[in-house]
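So this one's data.txt, compact mmCIF, C-alpha atoms:
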```txt
# COMPACT_ATOMS: atom_id res chain seq x y z
CA MET A 27 34.50 52.68 36.69
CA ALA A 28 32.44 55.67 37.76
CA THR A 29 30.92 55.61 41.22
CA PRO A 30 27.88 57.49 42.58
CA ARG A 31 30.33 60.06 44.00
CA ASP A 32 31.87 60.79 40.62
CA ILE A 33 30.87 64.06 38.90
CA ASP A 34 32.29 63.31 35.44
CA THR A 35 28.82 63.19 33.89
CA LEU A 36 27.93 66.57 35.37
CA LEU A 37 31.11 68.19 34.11
CA LYS A 38 30.82 66.59 30.69
CA HIS A 39 27.51 68.31 30.00
CA TRP A 40 28.54 71.70 31.40
CA ASP A 41 31.67 73.16 29.85
CA PHE A 42 33.76 75.69 31.72
CA GLN A 43 33.95 79.08 29.99
CA PRO A 44 37.06 81.06 31.04
CA GLY A 45 36.50 84.70 31.88
CA GLU A 46 32.80 84.25 32.65
CA ALA A 47 30.75 83.54 35.76
CA ASN A 48 29.29 80.16 34.80
CA ALA A 49 26.24 79.87 37.04
CA ARG A 50 22.85 78.21 37.15
CA LEU A 51 19.97 77.88 39.58
CA ILE A 52 18.58 74.35 39.91
CA LYS A 53 16.35 72.23 42.12
CA ALA A 54 17.97 69.79 44.54
CA LYS A 55 16.45 66.37 45.20
CA ASN A 56 14.54 67.67 48.22
CA GLY A 57 13.02 70.47 46.12
CA ARG A 58 15.06 73.40 47.45
CA ASP A 59 16.77 75.84 45.10
CA VAL A 60 20.55 75.65 44.97
CA LEU A 61 23.01 77.79 43.07
CA GLN A 62 25.82 76.14 41.13
CA MET A 63 28.97 77.72 39.76
CA ARG A 64 31.14 75.92 37.20
CA ILE A 65 34.84 76.35 37.86
CA ASP A 66 37.76 74.94 35.88
CA MET A 67 38.14 71.82 38.03
CA GLY A 68 34.59 71.17 39.16
CA VAL A 69 31.43 72.77 40.52
CA LEU A 70 30.67 74.89 43.57
CA GLN A 71 27.19 74.44 45.02
CA MET A 72 25.72 77.16 47.22
CA GLU A 73 22.58 77.73 49.21
CA THR A 74 20.47 80.68 48.11
CA ALA A 75 19.89 82.19 51.57
CA PHE A 76 22.07 83.00 54.59
CA ARG A 77 25.50 81.33 54.41
CA PRO A 78 26.29 80.01 50.92
CA ASP A 79 27.70 76.80 52.45
CA GLY A 80 24.48 76.21 54.40
CA LEU A 81 26.21 76.17 57.80
CA ARG A 82 24.99 78.03 60.86
CA PRO A 83 28.14 79.13 62.73
CA HIS A 84 27.55 78.70 66.48
CA GLY A 85 23.82 78.62 65.68
CA ALA A 86 23.82 82.01 63.92
CA GLU A 87 22.57 82.62 60.38
CA THR A 88 26.02 83.86 59.29
CA TYR A 89 29.43 84.24 60.89
CA PHE A 90 28.93 87.99 60.78
CA ASP A 91 25.78 87.60 62.90
CA TYR A 92 27.70 85.44 65.36
CA LEU A 93 30.45 88.06 65.70
CA VAL A 94 27.92 90.83 66.29
CA GLY A 95 26.64 88.72 69.17
CA GLU A 96 30.17 88.45 70.52
CA VAL A 97 30.45 92.24 70.59
CA ILE A 98 27.16 92.45 72.47
CA ARG A 99 28.45 89.94 75.03
CA GLU A 100 31.99 91.31 75.37
CA GLY A 101 31.59 95.02 74.67
CA GLU A 102 32.92 97.45 72.08
CA SER A 103 36.53 96.70 73.01
CA PHE A 104 36.14 93.28 71.33
CA ARG A 105 38.91 92.42 68.88
CA LEU A 106 38.94 89.55 66.41
CA SER A 107 41.23 86.64 67.13
CA LYS A 108 43.42 85.01 64.48
CA GLU A 109 40.93 82.15 64.15
CA GLN A 110 38.00 84.55 63.87
CA CYS A 111 39.82 86.51 61.15
CA ALA A 112 40.26 83.29 59.17
CA GLU A 113 36.56 82.42 59.54
CA ALA A 114 35.56 85.95 58.51
CA ASP A 115 37.70 85.59 55.39
CA ARG A 116 35.92 82.34 54.53
CA GLU A 117 32.56 84.07 54.67
CA PHE A 118 33.77 86.98 52.54
CA VAL A 119 34.90 84.56 49.82
CA GLN A 120 31.64 82.60 49.93
CA PHE A 121 29.51 85.72 49.55
CA TYR A 122 31.74 86.92 46.70
CA HIS A 123 31.18 83.71 44.75
CA ARG A 124 27.43 83.86 45.26
CA ARG A 125 27.26 87.57 44.41
CA ILE A 126 28.90 87.15 41.01
CA CYS A 127 26.60 84.20 40.30
CA TRP A 128 23.53 86.31 41.06
CA LEU A 129 24.85 89.03 38.75
CA SER A 130 25.43 86.49 36.00
CA LEU A 131 21.87 85.20 36.38
CA ARG A 132 20.45 88.76 36.49
CA GLU A 133 19.12 88.20 40.00
CA TYR A 134 19.96 91.78 40.83
CA ARG A 135 18.14 92.18 44.15
CA ARG A 136 19.83 89.06 45.47
CA ALA A 137 23.22 90.32 44.28
CA ALA A 138 22.64 93.67 46.00
CA LYS A 139 21.63 91.90 49.22
CA ASP A 140 24.81 89.83 49.27
CA ALA A 141 26.88 92.94 48.53
CA ASP A 142 25.19 94.71 51.46
CA HIS A 143 26.18 91.81 53.71
CA SER A 144 29.82 92.07 52.64
CA LEU A 145 29.91 95.87 53.00
CA SER A 146 28.40 95.70 56.49
CA PHE A 147 30.84 92.95 57.43
CA MET A 148 33.69 95.14 56.15
CA ASP A 149 32.46 97.94 58.42
CA PHE A 150 32.49 95.48 61.31
CA VAL A 151 36.00 94.16 60.72
CA ARG A 152 37.31 97.70 60.27
CA GLU A 153 35.93 98.49 63.71
CA HIS A 154 37.12 95.32 65.44
CA SER A 155 40.22 94.35 63.45
CA PRO A 156 43.27 93.18 65.40
CA ASP A 157 45.65 95.27 63.24
CA ASP A 158 45.79 97.78 60.38
CA GLU A 159 47.33 95.33 57.93
CA TRP A 160 44.38 92.94 58.16
CA THR A 161 41.97 95.87 57.91
CA LEU A 162 43.57 97.10 54.69
CA SER A 163 43.55 93.58 53.24
CA HIS A 164 39.75 93.94 53.19
CA GLU A 165 39.38 97.66 52.58
CA GLN A 166 41.22 97.32 49.27
CA TYR A 167 38.23 95.34 47.98
CA ARG A 168 35.55 97.75 49.24
CA PRO A 169 35.35 99.74 45.96
CA PHE A 170 34.85 96.51 44.01
CA VAL A 171 32.05 95.32 46.32
CA LEU A 172 30.48 98.79 46.29
CA PHE A 173 30.59 98.78 42.49
CA HIS A 174 28.74 95.46 42.39
CA ARG A 175 26.19 96.79 44.86
CA VAL A 176 25.48 99.95 42.83
CA GLN A 177 25.40 98.04 39.55
CA ALA A 178 22.96 95.47 40.91
CA ALA A 179 20.69 98.01 42.61
CA ALA A 180 20.56 100.16 39.47
CA LEU A 181 19.69 97.25 37.20
CA ALA A 182 17.01 96.08 39.63
CA ALA A 183 15.57 99.60 39.75
CA LEU A 184 15.62 99.78 35.96
CA GLU A 185 13.55 96.60 35.76
CA GLU A 186 11.14 97.53 38.56
CA GLN A 187 10.70 101.32 38.46
CA GLY A 188 12.29 102.58 35.26
CA ALA A 189 15.24 104.60 34.05
CA GLU A 190 14.95 107.58 36.44
CA SER A 191 15.07 105.28 39.44
CA ALA A 192 18.13 103.51 38.01
CA ILE A 193 19.90 106.84 37.50
CA GLY A 194 19.08 107.76 41.10
CA GLU A 195 20.67 104.53 42.34
CA ILE A 196 23.82 105.20 40.33
CA ASN A 197 24.05 108.78 41.60
CA ARG A 198 23.71 107.62 45.20
CA GLY A 199 26.37 105.02 44.55
CA LEU A 200 28.72 107.62 43.13
CA GLU A 201 28.24 109.68 46.27
CA GLY A 202 29.22 106.59 48.24
CA PHE A 203 32.39 106.36 46.16
CA ARG A 204 33.10 110.05 46.74
CA ALA A 205 32.74 109.59 50.50
CA LEU A 206 35.00 106.52 50.38
CA PHE A 207 37.75 108.41 48.56
CA ALA A 208 37.42 111.31 51.02
CA ARG A 209 37.72 108.92 53.97
CA TYR A 210 41.12 107.79 52.73
CA ASP A 211 42.28 111.29 51.72
CA ALA A 212 42.15 110.33 48.06
CA ALA A 213 39.47 112.74 46.82
CA ASP A 214 41.77 113.92 44.02
CA HIS A 215 41.70 110.42 42.52
CA TYR A 216 37.91 110.11 42.45
CA ALA A 217 37.35 111.43 38.92
CA ASP A 218 40.02 109.16 37.42
CA ASP A 219 38.96 105.95 39.15
CA GLU A 220 38.04 103.18 36.70
CA LEU A 221 35.01 101.99 38.69
CA VAL A 222 33.69 105.53 39.03
CA ARG A 223 34.02 106.03 35.30
CA ARG A 224 32.23 102.77 34.59
CA LEU A 225 29.30 103.84 36.75
CA GLU A 226 29.19 107.23 35.05
CA GLU A 227 29.18 105.50 31.67
CA MET A 228 26.41 103.20 32.86
CA ARG A 229 24.34 106.21 34.00
CA GLU A 230 24.77 108.05 30.71
CA GLY A 231 24.05 104.86 28.80
CA VAL A 232 20.74 104.49 30.63
CA ARG A 233 19.97 108.16 30.07
CA GLN A 234 20.61 107.90 26.34
CA ARG A 235 18.89 104.57 25.73
CA TYR A 236 15.73 105.49 27.61
CA GLU A 237 15.72 109.16 26.55
CA VAL A 238 15.85 110.55 30.08
CA GLY A 239 17.00 114.10 30.80
CA ARG A 240 18.09 115.36 34.19
CA THR A 241 16.00 113.78 36.93
CA LEU A 242 14.30 115.89 39.60
CA ASP A 243 16.95 114.75 42.09
CA GLU A 244 19.68 115.96 39.75
CA GLN A 245 17.90 119.26 39.14
CA LEU A 246 17.56 119.75 42.90
CA ALA A 247 21.24 119.00 43.50
CA ALA A 248 22.24 121.47 40.78
CA ALA A 249 19.98 124.19 42.22
CA VAL A 250 21.40 123.71 45.72
CA GLN A 251 24.96 123.76 44.41
CA ALA A 252 24.20 127.01 42.58
CA GLU A 253 22.61 128.37 45.80
CA ASN A 254 19.38 128.95 43.89
CA TYR A 255 17.21 128.10 46.86
CA GLU A 256 14.01 129.47 45.34
CA LEU A 257 14.33 127.04 42.45
CA ALA A 258 15.32 124.27 44.86
CA ALA A 259 12.13 124.85 46.85
CA LYS A 260 10.02 124.64 43.68
CA ILE A 261 11.70 121.40 42.67
CA ARG A 262 11.08 119.94 46.15
CA ASP A 263 7.40 120.85 45.82
CA ARG A 264 7.28 119.07 42.46
CA MET A 265 8.91 115.99 43.97
CA ARG A 266 6.29 115.87 46.74
CA SER A 267 3.30 116.39 44.46
CA PRO A 268 1.12 113.61 43.03
CA VAL A 269 1.97 114.94 39.57
CA ALA A 270 5.64 114.09 40.16
CA ALA A 271 4.65 110.56 41.15
CA GLN A 272 2.64 110.31 37.92
CA ASP A 273 5.60 111.63 35.94
CA THR A 274 7.75 108.89 37.45
CA ALA A 275 5.18 106.28 36.46
CA ASP A 276 5.01 107.77 32.96
CA GLY A 277 8.79 107.68 32.83
CA SER A 278 8.71 103.98 33.62
CA ARG A 279 6.27 103.38 30.80
CA GLN A 280 8.40 105.48 28.46
CA SER A 281 11.40 103.39 29.51
CA ASP A 282 9.53 100.23 28.57
CA ALA A 283 8.54 101.74 25.23
CA ALA A 284 12.09 102.89 24.58
CA GLU A 285 13.40 99.44 25.40
CA GLU A 286 11.04 97.98 22.81
CA ARG A 287 12.25 100.47 20.21
CA HIS A 288 15.91 99.87 20.96
CA GLY A 289 15.53 96.15 21.56
```

Would it be possible to restate this file's structure as structure tokens?
Amino acid sequence: MATPRDIDTLLKHWDFQPGEANARLIKAKNGRDVLQMRIDMGVLQMETAFRPDGLRPHGAETYFDYLVGEVIREGESFRLSKEQCAEADREFVQFYHRRICWLSLREYRRAAKDADHSLSFMDFVREHSPDDEWTLSHEQYRPFVLFHRVQAAALAALEEQGAESAIGEINRGLEGFRALFARYDAADHYADDELVRRLEEMREGVRQRYEVGRTLDEQLAAAVQAENYELAAKIRDRMRSPVAAQDTADGSRQSDAAEERHG
């Protein structure tokens, strides 16, 4: 016989779909929003702010915040203990689950925020890691987190400001990828990287769907690269002028109109 602790009824009315992030945002009994993720053997429930599990480690909003406090107290020579590494890993996994749920629900700003948390935490553990092996166990996932961050920020910008803003977010993200590859002496592999190619395809897809040519930022970058500084100065003046701001607003409206035509 089912008991109040049994979740059979919940699972019965929410089938698991392999290969997808099965997520929903619902109201708990006390009225707060909670995020649920359907997995093959049950449901994960997460809070929508701070730590996904709702805990406050040592009174801090996240374990990352707590560790930053430890560095302040102990100094820059601070190194993570074995137990602290394990707790950091827990928080990384929690934020990963919530991030992919936000992406599934098209809550792009929230997905970008959670990605920013993970990227900053990765910077922290790289600085205070007890050994190179543990550092690399996290750094191998940095491109994946960065990809999610760029994807989410671009889609949020597309909704809020229009296609040119989305293209700008993607271009800045690609520069972040380029810097990451250079940091690990892998610049030669940048152009062939799958995630880089997916972002480039996303950018060109936005450009084609919303009928956007080269943005002012892209024109400026091209002029600087060609050492055409006179043209670069003119483009900067256009970017600072009220007319450029109006063009951006018009571009957003054109994006909306294009979406209607293509939708």

- Do a neighbour search on Leu37 of chain A at 10 Å with only C-alpha atoms, toss out local chain neighbours closer than 5 positions, and write the hits as an NGL selection string. :A and (32 or 42 or 64-69)

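Straight-line separation from atom CA of Arg105 of chain A to atom CA of Ser146 of chain A: 16.6 Å.
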
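Here atom CA of Ala247 of chain A and atom CA of Asp263 of chain A stand 14.2 Å from one another.
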
- Query: With all atoms listed in the file as the basis for distance, which of A:Ser107, A:Gln62, A:Asn254, A:Thr161 is at the shortest distance from Ala47 of chain A?
  - Reply: A:Gln62

- Name the residues in contact with Ala137 of chain A at a cut-off of 6 Å, using only C-alpha atoms, excluding same-chain residues fewer than 4 positions from it; report them as a PyMOL selection string. chain A and resi 125+128-129

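Of note, atom CA of Asp158 of chain A and atom CA of Asp142 of chain A are spaced 22.7 Å apart.
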
- Message: Can you pull out the residues contacting Arg223 of chain A? Cut-off 12 Å, using all atoms listed in the file, and skip same-chain residues under 6 positions away; I want them as an NGL selection string.
- Response: :A and (173 or 196 or 200 or 203 or 215-217 or 229-231)

- Query: Near Met72 of chain A, within 7 Å and counting all atoms listed in the file, which residues show up once chain neighbours fewer than 5 positions away are dropped, as a ChimeraX atom specification?
  - Reply: /A:60-62,78-79

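Compared by their closest atoms to Ala183 of chain A, and using all atoms listed in the file, the residues A:Leu162, A:Ala138, A:Val151, A:Ala213 rank with A:Ala138 nearest.
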
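Counting all atoms listed in the file, the residue from A:Gln251, A:Ser144, A:Gln43, A:Thr88 that sits nearest to Pro169 of chain A is A:Ser144.
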
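Here the question is which of A:Ala259, A:Tyr122, A:Trp40, A:His154 gets nearest to Val94 of chain A using only C-alpha atoms, and that residue is A:His154.
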